[in-house]
$ cat target06.pdb   # PDB, C-alpha atoms, pLDDT in the B column
ATOM      1  CA  MET A   1       0.000   0.000   0.000  1.00 44.00           C
ATOM      2  CA  SER A   2       1.239   3.500  -0.888  1.00 48.00           C
ATOM      3  CA  LYS A   3       2.479   5.781   1.869  1.00 52.00           C
ATOM      4  CA  LYS A   4       1.053   8.844   0.056  1.00 58.00           C
ATOM      5  CA  LYS A   5      -0.748  11.294   2.315  1.00 58.00           C
ATOM      6  CA  SER A   6      -4.439  11.579   1.715  1.00 62.00           C
ATOM      7  CA  ARG A   7      -5.393  14.830  -0.043  1.00 72.00           C
ATOM      8  CA  SER A   8      -8.621  14.924   1.965  1.00 75.00           C
ATOM      9  CA  LEU A   9      -6.927  15.259   5.356  1.00 89.00           C
ATOM     10  CA  ASN A  10      -6.040  18.796   6.443  1.00 91.00           C
ATOM     11  CA  PRO A  11      -2.280  18.937   7.169  1.00 93.00           C
ATOM     12  CA  TRP A  12      -2.599  22.366   8.872  1.00 94.00           C
ATOM     13  CA  LYS A  13      -3.329  22.666  12.612  1.00 95.00           C
ATOM     14  CA  THR A  14      -4.620  25.928  14.123  1.00 95.00           C
ATOM     15  CA  LYS A  15      -3.295  26.575  17.635  1.00 97.00           C
ATOM     16  CA  SER A  16      -4.905  29.978  18.174  1.00 96.00           C
ATOM     17  CA  SER A  17      -6.518  32.817  16.312  1.00 96.00           C
ATOM     18  CA  LYS A  18      -6.779  36.542  17.087  1.00 97.00           C
ATOM     19  CA  VAL A  19      -8.352  39.495  15.304  1.00 97.00           C
ATOM     20  CA  VAL A  20      -5.717  42.172  14.609  1.00 97.00           C
ATOM     21  CA  TYR A  21      -7.946  44.592  12.654  1.00 97.00           C
ATOM     22  CA  LYS A  22     -11.657  44.982  12.035  1.00 97.00           C
ATOM     23  CA  ASN A  23     -13.974  47.410  10.239  1.00 95.00           C
ATOM     24  CA  PRO A  24     -17.531  47.041   8.876  1.00 89.00           C
ATOM     25  CA  TRP A  25     -16.289  45.337   5.668  1.00 87.00           C
ATOM     26  CA  ILE A  26     -13.343  43.144   6.630  1.00 92.00           C
ATOM     27  CA  LYS A  27     -11.720  41.437   9.575  1.00 96.00           C
ATOM     28  CA  VAL A  28      -8.020  40.574   9.577  1.00 97.00           C
ATOM     29  CA  ARG A  29      -6.890  37.779  11.813  1.00 96.00           C
ATOM     30  CA  GLU A  30      -3.602  36.125  12.589  1.00 96.00           C
ATOM     31  CA  ASP A  31      -3.617  32.402  13.241  1.00 96.00           C
ATOM     32  CA  LYS A  32      -0.814  30.584  15.018  1.00 97.00           C
ATOM     33  CA  VAL A  33      -0.466  27.317  13.165  1.00 96.00           C
ATOM     34  CA  ILE A  34       1.451  24.106  12.795  1.00 96.00           C
ATOM     35  CA  ARG A  35       2.337  24.001   9.097  1.00 95.00           C
ATOM     36  CA  PRO A  36       2.235  20.820   6.976  1.00 94.00           C
ATOM     37  CA  ASP A  37       6.015  20.481   7.485  1.00 95.00           C
ATOM     38  CA  GLY A  38       5.400  20.233  11.265  1.00 95.00           C
ATOM     39  CA  LYS A  39       6.920  23.621  12.108  1.00 96.00           C
ATOM     40  CA  GLU A  40       5.134  26.425  13.915  1.00 97.00           C
ATOM     41  CA  GLY A  41       4.195  29.538  12.002  1.00 96.00           C
ATOM     42  CA  ILE A  42       1.584  32.213  11.453  1.00 96.00           C
ATOM     43  CA  TYR A  43      -1.050  32.619   8.783  1.00 95.00           C
ATOM     44  CA  GLY A  44      -2.793  35.904   7.985  1.00 95.00           C
ATOM     45  CA  VAL A  45      -6.422  35.672   6.926  1.00 95.00           C
ATOM     46  CA  ILE A  46      -8.754  38.377   5.649  1.00 95.00           C
ATOM     47  CA  ASP A  47     -12.366  37.541   6.492  1.00 92.00           C
ATOM     48  CA  LYS A  48     -14.779  39.200   4.086  1.00 93.00           C
ATOM     49  CA  GLN A  49     -18.444  38.679   3.279  1.00 92.00           C
ATOM     50  CA  ASP A  50     -19.140  36.640   0.176  1.00 94.00           C
ATOM     51  CA  GLY A  51     -19.451  38.472  -3.122  1.00 95.00           C
ATOM     52  CA  ILE A  52     -22.075  38.386  -5.843  1.00 97.00           C
ATOM     53  CA  GLY A  53     -21.593  38.941  -9.578  1.00 97.00           C
ATOM     54  CA  ILE A  54     -24.376  39.117 -12.150  1.00 98.00           C
ATOM     55  CA  VAL A  55     -24.072  38.911 -15.920  1.00 98.00           C
ATOM     56  CA  VAL A  56     -27.201  40.905 -16.806  1.00 98.00           C
ATOM     57  CA  LEU A  57     -28.224  40.189 -20.392  1.00 97.00           C
ATOM     58  CA  ASP A  58     -31.101  41.938 -22.176  1.00 96.00           C
ATOM     59  CA  ASN A  59     -33.158  40.596 -25.093  1.00 95.00           C
ATOM     60  CA  LYS A  60     -30.902  42.393 -27.616  1.00 96.00           C
ATOM     61  CA  ASN A  61     -27.790  40.531 -26.392  1.00 95.00           C
ATOM     62  CA  ARG A  62     -26.427  43.512 -24.500  1.00 97.00           C
ATOM     63  CA  VAL A  63     -24.856  43.181 -21.087  1.00 97.00           C
ATOM     64  CA  TYR A  64     -25.113  45.736 -18.304  1.00 96.00           C
ATOM     65  CA  LEU A  65     -21.745  46.777 -16.928  1.00 95.00           C
ATOM     66  CA  ALA A  66     -21.144  48.755 -13.762  1.00 92.00           C
ATOM     67  CA  GLY A  67     -18.759  51.662 -14.080  1.00 89.00           C
ATOM     68  CA  GLN A  68     -17.108  52.910 -10.936  1.00 87.00           C
ATOM     69  CA  TRP A  69     -13.977  54.714  -9.771  1.00 86.00           C
ATOM     70  CA  ARG A  70     -11.990  52.159  -7.782  1.00 85.00           C
ATOM     71  CA  TYR A  71      -9.983  53.534  -4.907  1.00 87.00           C
ATOM     72  CA  LEU A  72      -7.537  50.626  -4.833  1.00 85.00           C
ATOM     73  CA  THR A  73      -6.592  50.698  -8.517  1.00 85.00           C
ATOM     74  CA  GLY A  74      -6.840  54.467  -8.878  1.00 90.00           C
ATOM     75  CA  GLN A  75      -8.893  54.120 -12.060  1.00 88.00           C
ATOM     76  CA  TYR A  76     -12.413  54.015 -13.418  1.00 88.00           C
ATOM     77  CA  THR A  77     -13.315  50.410 -14.204  1.00 89.00           C
ATOM     78  CA  LEU A  78     -16.137  48.483 -15.810  1.00 91.00           C
ATOM     79  CA  SER A  79     -17.305  45.139 -14.520  1.00 94.00           C
ATOM     80  CA  ILE A  80     -20.434  43.064 -14.209  1.00 96.00           C
ATOM     81  CA  ILE A  81     -23.138  44.109 -11.755  1.00 95.00           C
ATOM     82  CA  GLY A  82     -22.418  42.895  -8.254  1.00 94.00           C
ATOM     83  CA  GLY A  83     -21.855  43.487  -4.601  1.00 92.00           C
ATOM     84  CA  THR A  84     -21.769  41.796  -1.238  1.00 93.00           C
ATOM     85  CA  ARG A  85     -23.862  38.991   0.171  1.00 93.00           C
ATOM     86  CA  GLU A  86     -25.547  40.272   3.311  1.00 90.00           C
ATOM     87  CA  ASN A  87     -25.795  38.136   6.451  1.00 86.00           C
ATOM     88  CA  GLY A  88     -28.680  35.699   6.252  1.00 91.00           C
ATOM     89  CA  GLU A  89     -29.273  36.166   2.517  1.00 95.00           C
ATOM     90  CA  THR A  90     -29.025  33.325   0.067  1.00 97.00           C
ATOM     91  CA  PRO A  91     -26.678  34.042  -2.851  1.00 97.00           C
ATOM     92  CA  LEU A  92     -29.680  34.341  -5.192  1.00 98.00           C
ATOM     93  CA  ALA A  93     -31.494  36.783  -2.873  1.00 97.00           C
ATOM     94  CA  SER A  94     -28.313  38.881  -2.744  1.00 97.00           C
ATOM     95  CA  ALA A  95     -28.054  38.850  -6.533  1.00 97.00           C
ATOM     96  CA  LYS A  96     -31.668  39.985  -6.897  1.00 97.00           C
ATOM     97  CA  ARG A  97     -31.118  42.802  -4.377  1.00 95.00           C
ATOM     98  CA  GLU A  98     -27.899  43.942  -6.083  1.00 94.00           C
ATOM     99  CA  LEU A  99     -29.591  43.991  -9.511  1.00 94.00           C
ATOM    100  CA  LEU A 100     -32.347  46.185  -8.092  1.00 93.00           C
ATOM    101  CA  GLU A 101     -29.920  48.484  -6.220  1.00 90.00           C
ATOM    102  CA  GLU A 102     -27.454  48.989  -9.043  1.00 89.00           C
ATOM    103  CA  VAL A 103     -29.603  49.149 -12.182  1.00 91.00           C
ATOM    104  CA  SER A 104     -33.247  49.214 -10.963  1.00 91.00           C
ATOM    105  CA  LEU A 105     -34.071  45.966 -12.736  1.00 94.00           C
ATOM    106  CA  VAL A 106     -35.657  42.636 -11.882  1.00 96.00           C
ATOM    107  CA  ALA A 107     -35.128  39.431 -13.838  1.00 98.00           C
ATOM    108  CA  ASP A 108     -37.462  36.496 -14.485  1.00 97.00           C
ATOM    109  CA  ASP A 109     -34.737  34.044 -15.480  1.00 98.00           C
ATOM    110  CA  TRP A 110     -31.831  33.335 -13.116  1.00 98.00           C
ATOM    111  CA  GLU A 111     -29.072  30.793 -13.611  1.00 98.00           C
ATOM    112  CA  HIS A 112     -26.175  30.103 -11.274  1.00 98.00           C
ATOM    113  CA  LEU A 113     -23.001  30.024 -13.396  1.00 98.00           C
ATOM    114  CA  ILE A 114     -20.140  29.421 -10.950  1.00 97.00           C
ATOM    115  CA  THR A 115     -18.974  29.712  -7.360  1.00 97.00           C
ATOM    116  CA  PHE A 116     -15.285  30.354  -6.737  1.00 96.00           C
ATOM    117  CA  TYR A 117     -12.719  31.814  -4.353  1.00 94.00           C
ATOM    118  CA  PRO A 118     -10.952  34.773  -6.039  1.00 90.00           C
ATOM    119  CA  SER A 119      -7.851  34.609  -3.823  1.00 89.00           C
ATOM    120  CA  ILE A 120      -7.415  31.385  -1.861  1.00 89.00           C
ATOM    121  CA  GLU A 121      -4.104  32.394  -0.338  1.00 89.00           C
ATOM    122  CA  VAL A 122      -5.322  35.233   1.915  1.00 90.00           C
ATOM    123  CA  PHE A 123      -9.088  35.873   1.552  1.00 89.00           C
ATOM    124  CA  ASN A 124     -11.827  33.479   2.635  1.00 91.00           C
ATOM    125  CA  GLU A 125     -14.333  35.377   0.436  1.00 92.00           C
ATOM    126  CA  LYS A 126     -16.385  33.265  -1.953  1.00 95.00           C
ATOM    127  CA  PHE A 127     -18.029  34.656  -5.114  1.00 96.00           C
ATOM    128  CA  TYR A 128     -21.305  33.493  -6.623  1.00 98.00           C
ATOM    129  CA  ILE A 129     -21.935  34.478 -10.243  1.00 98.00           C
ATOM    130  CA  PHE A 130     -25.341  34.388 -11.888  1.00 98.00           C
ATOM    131  CA  LEU A 131     -26.756  34.997 -15.351  1.00 98.00           C
ATOM    132  CA  ALA A 132     -29.917  37.160 -15.265  1.00 98.00           C
ATOM    133  CA  ARG A 133     -32.307  37.454 -18.206  1.00 98.00           C
ATOM    134  CA  GLY A 134     -35.949  38.351 -18.787  1.00 97.00           C
ATOM    135  CA  LEU A 135     -35.413  41.888 -17.515  1.00 97.00           C
ATOM    136  CA  SER A 136     -37.954  44.527 -16.549  1.00 95.00           C
ATOM    137  CA  LYS A 137     -37.690  47.933 -14.916  1.00 92.00           C
ATOM    138  CA  ALA A 138     -38.442  48.292 -11.210  1.00 89.00           C
ATOM    139  CA  LYS A 139     -38.647  51.060  -8.636  1.00 82.00           C
ATOM    140  CA  SER A 140     -35.133  52.195  -7.763  1.00 71.00           C
ATOM    141  CA  ILE A 141     -33.670  51.381  -4.362  1.00 70.00           C
ATOM    142  CA  ARG A 142     -30.173  52.624  -5.247  1.00 63.00           C
ATOM    143  CA  ASP A 143     -27.502  52.516  -2.570  1.00 59.00           C
ATOM    144  CA  SER A 144     -26.447  56.157  -2.073  1.00 52.00           C
ATOM    145  CA  ALA A 145     -23.020  55.162  -0.723  1.00 54.00           C
ATOM    146  CA  GLU A 146     -21.957  53.873  -4.132  1.00 57.00           C
ATOM    147  CA  ASP A 147     -21.321  55.977  -7.211  1.00 61.00           C
ATOM    148  CA  VAL A 148     -22.070  53.313  -9.807  1.00 67.00           C
ATOM    149  CA  SER A 149     -23.156  54.064 -13.351  1.00 79.00           C
ATOM    150  CA  ALA A 150     -24.653  51.328 -15.508  1.00 85.00           C
ATOM    151  CA  LYS A 151     -23.760  51.024 -19.154  1.00 91.00           C
ATOM    152  CA  LYS A 152     -25.236  48.648 -21.755  1.00 94.00           C
ATOM    153  CA  VAL A 153     -22.655  47.091 -24.070  1.00 95.00           C
ATOM    154  CA  GLU A 154     -23.017  44.501 -26.828  1.00 97.00           C
ATOM    155  CA  PHE A 155     -22.041  41.164 -25.283  1.00 97.00           C
ATOM    156  CA  LYS A 156     -19.425  40.562 -27.989  1.00 96.00           C
ATOM    157  CA  LYS A 157     -17.899  44.009 -27.270  1.00 97.00           C
ATOM    158  CA  ALA A 158     -17.648  43.166 -23.552  1.00 97.00           C
ATOM    159  CA  ILE A 159     -15.748  39.973 -24.439  1.00 97.00           C
ATOM    160  CA  ASN A 160     -13.418  42.031 -26.668  1.00 97.00           C
ATOM    161  CA  MET A 161     -12.815  44.421 -23.758  1.00 95.00           C
ATOM    162  CA  ILE A 162     -11.438  41.462 -21.823  1.00 96.00           C
ATOM    163  CA  LYS A 163      -9.182  40.398 -24.710  1.00 95.00           C
ATOM    164  CA  LYS A 164      -7.839  43.961 -25.083  1.00 95.00           C
ATOM    165  CA  GLY A 165      -7.142  44.361 -21.358  1.00 91.00           C
ATOM    166  CA  LYS A 166      -9.822  47.049 -20.963  1.00 91.00           C
ATOM    167  CA  MET A 167     -11.600  45.087 -18.250  1.00 92.00           C
ATOM    168  CA  VAL A 168      -9.335  44.362 -15.290  1.00 91.00           C
ATOM    169  CA  ASP A 169     -11.773  43.055 -12.672  1.00 93.00           C
ATOM    170  CA  GLY A 170     -11.324  39.318 -12.208  1.00 94.00           C
ATOM    171  CA  VAL A 171     -14.923  38.685 -11.161  1.00 95.00           C
ATOM    172  CA  GLY A 172     -16.206  40.428 -14.292  1.00 96.00           C
ATOM    173  CA  ILE A 173     -13.780  38.568 -16.513  1.00 97.00           C
ATOM    174  CA  ILE A 174     -14.718  35.185 -15.054  1.00 97.00           C
ATOM    175  CA  GLY A 175     -18.436  35.949 -15.153  1.00 97.00           C
ATOM    176  CA  LEU A 176     -18.450  37.080 -18.776  1.00 98.00           C
ATOM    177  CA  LEU A 177     -16.280  34.209 -20.008  1.00 97.00           C
ATOM    178  CA  ILE A 178     -18.382  31.588 -18.210  1.00 97.00           C
ATOM    179  CA  ALA A 179     -21.550  33.235 -19.569  1.00 97.00           C
ATOM    180  CA  LYS A 180     -20.048  33.241 -23.091  1.00 97.00           C
ATOM    181  CA  GLU A 181     -19.435  29.492 -22.875  1.00 96.00           C
ATOM    182  CA  ARG A 182     -22.924  28.906 -21.463  1.00 94.00           C
ATOM    183  CA  LEU A 183     -24.568  30.945 -24.254  1.00 94.00           C
ATOM    184  CA  GLU A 184     -22.523  29.203 -26.952  1.00 92.00           C
ATOM    185  CA  ASN A 185     -23.613  25.794 -25.620  1.00 90.00           C
ATOM    186  CA  GLU A 186     -27.230  27.001 -25.574  1.00 88.00           C
ATOM    187  CA  ASN A 187     -27.039  27.940 -29.253  1.00 81.00           C
ATOM    188  CA  LYS A 188     -25.622  24.588 -30.441  1.00 79.00           C
TER     189      LYS A 188
END

$ encode --input "target06.pdb" --output "structure tokens"
Amino acid sequence: MSKKKSRSLNPWKTKSSKVVYKNPWIKVREDKVIRPDGKEGIYGVIDKQDGIGIVVLDNKNRVYLAGQWRYLTGQYTLSIIGGTRENGETPLASAKRELLEEVSLVADDWEHLITFYPSIEVFNEKFYIFLARGLSKAKSIRDSAEDVSAKKVEFKKAINMIKKGKMVDGVGIIGLLIAKERLENENK
């Protein structure tokens, strides 16, 4: 029998954990650990609420993109519609709320495309991406804290923005490329 370690057993051991910074959006903690090599060490973790991304597609094959000045990158960026999953909300309920907040729309047709961790080395944040279709206008409940402007772009143009490096948000890139594959399979 092979002496290979099982990939299903966690080789990390957490000895203790303490919060070193906290604000309303993130919590940073430092864990004292026993690493897989058996030595003691520390591991920094950023706890953040799960994220939501929505590829919003209208009946003319246009996608809604959210334009926003991003503090971290120091630039105006376009991405798919999205936000944060609130405590107690299902991912789908969060997606529906974000669609209403950001572009004052509701959708009849929802499809979960993918769930992933954008940065598994430091963040424990998980992202849920949906495809929303069958759109209709709704009464606005816009979040005044955000300065988001929605822009409709031909779906093919949005894909070209990715190829040309004009879209830099990983969640948007993943969402649009997964949606592209899904739509291509639908049309076969």

$ closest_residue --input "target06.pdb" --among "A:Tyr117, A:Trp12, A:Phe127, A:Phe155" --to "Pro91 of chain A" --atoms "all atoms listed in the file"
A:Phe127

$ atom_distance --input "target06.pdb" --atom1 "atom CA of Asn124 of chain A" --atom2 "atom CA of Val171 of chain A"
15.1 Å

$ atom_distance --input "target06.pdb" --atom1 "atom CA of Leu177 of chain A" --atom2 "atom CA of Gln49 of chain A"
23.8 Å

$ closest_atom_pairs --input "target06.pdb" --of "segment 30-69 of chain A" --to "segment 128-141 of chain A" --cutoff "7 Å" --atoms "only C-alpha atoms" --output "CSV"
residue,atom,partner,partner_atom,distance
A:Gly51,CA,A:Tyr128,CA,6.4
A:Ile52,CA,A:Tyr128,CA,5.0
A:Gly53,CA,A:Ile129,CA,4.5
A:Ile54,CA,A:Phe130,CA,4.8
A:Val55,CA,A:Leu131,CA,4.8
A:Val56,CA,A:Ala132,CA,4.9
A:Leu57,CA,A:Arg133,CA,5.4
A:Asp58,CA,A:Arg133,CA,6.1

$ write_last_selection --input "target06.pdb" --atoms "C-alpha atoms" --output "CSV table (one decimal), in the frame of the given file"
chain,number,residue,atom,x,y,z
A,51,GLY,CA,-19.5,38.5,-3.1
A,52,ILE,CA,-22.1,38.4,-5.8
A,53,GLY,CA,-21.6,38.9,-9.6
A,54,ILE,CA,-24.4,39.1,-12.2
A,55,VAL,CA,-24.1,38.9,-15.9
A,56,VAL,CA,-27.2,40.9,-16.8
A,57,LEU,CA,-28.2,40.2,-20.4
A,58,ASP,CA,-31.1,41.9,-22.2

$ resolve_selection --input "target06.pdb" --expression "the PyMOL selection byres ((chain A and resi 19-24) around 12)" --output "count of residues only"
19

$ atom_distance --input "target06.pdb" --atom1 "atom CA of Lys96 of chain A" --atom2 "atom CA of Thr115 of chain A"
16.3 Å

$ axis_aligned_box --input "target06.pdb" --around "segment 116-132 of chain A" --padding-each-side "6 Å" --output "AutoDock Vina command-line options"
--center_x -17.0 --center_y 33.8 --center_z -6.4 --size_x 37.8 --size_y 18.8 --size_z 30.0

$ closest_residue --input "target06.pdb" --among "A:Glu186, A:Asp169, A:Glu102, A:Glu89" --to "Pro118 of chain A" --atoms "only C-alpha atoms"
A:Asp169

$ closest_residue --input "target06.pdb" --among "A:Ala158, A:Ala150, A:Ala95, A:Ile174" --to "Asp50 of chain A" --atoms "all atoms listed in the file"
A:Ala95

$ closest_residue --input "target06.pdb" --among "A:Ser149, A:Gly82, A:Arg35, A:Glu111" --to "Glu98 of chain A" --atoms "all atoms listed in the file"
A:Gly82

$ closest_residue --input "target06.pdb" --among "A:Leu65, A:Leu92, A:Ile114, A:Val33" --to "Glu154 of chain A" --atoms "only C-alpha atoms"
A:Leu65

$ resolve_selection --input "target06.pdb" --expression "the PyMOL selection byres ((chain A and resi 153) around 6)" --output "list in words"
Arg62, Val63, Lys152 and Glu154 of chain A
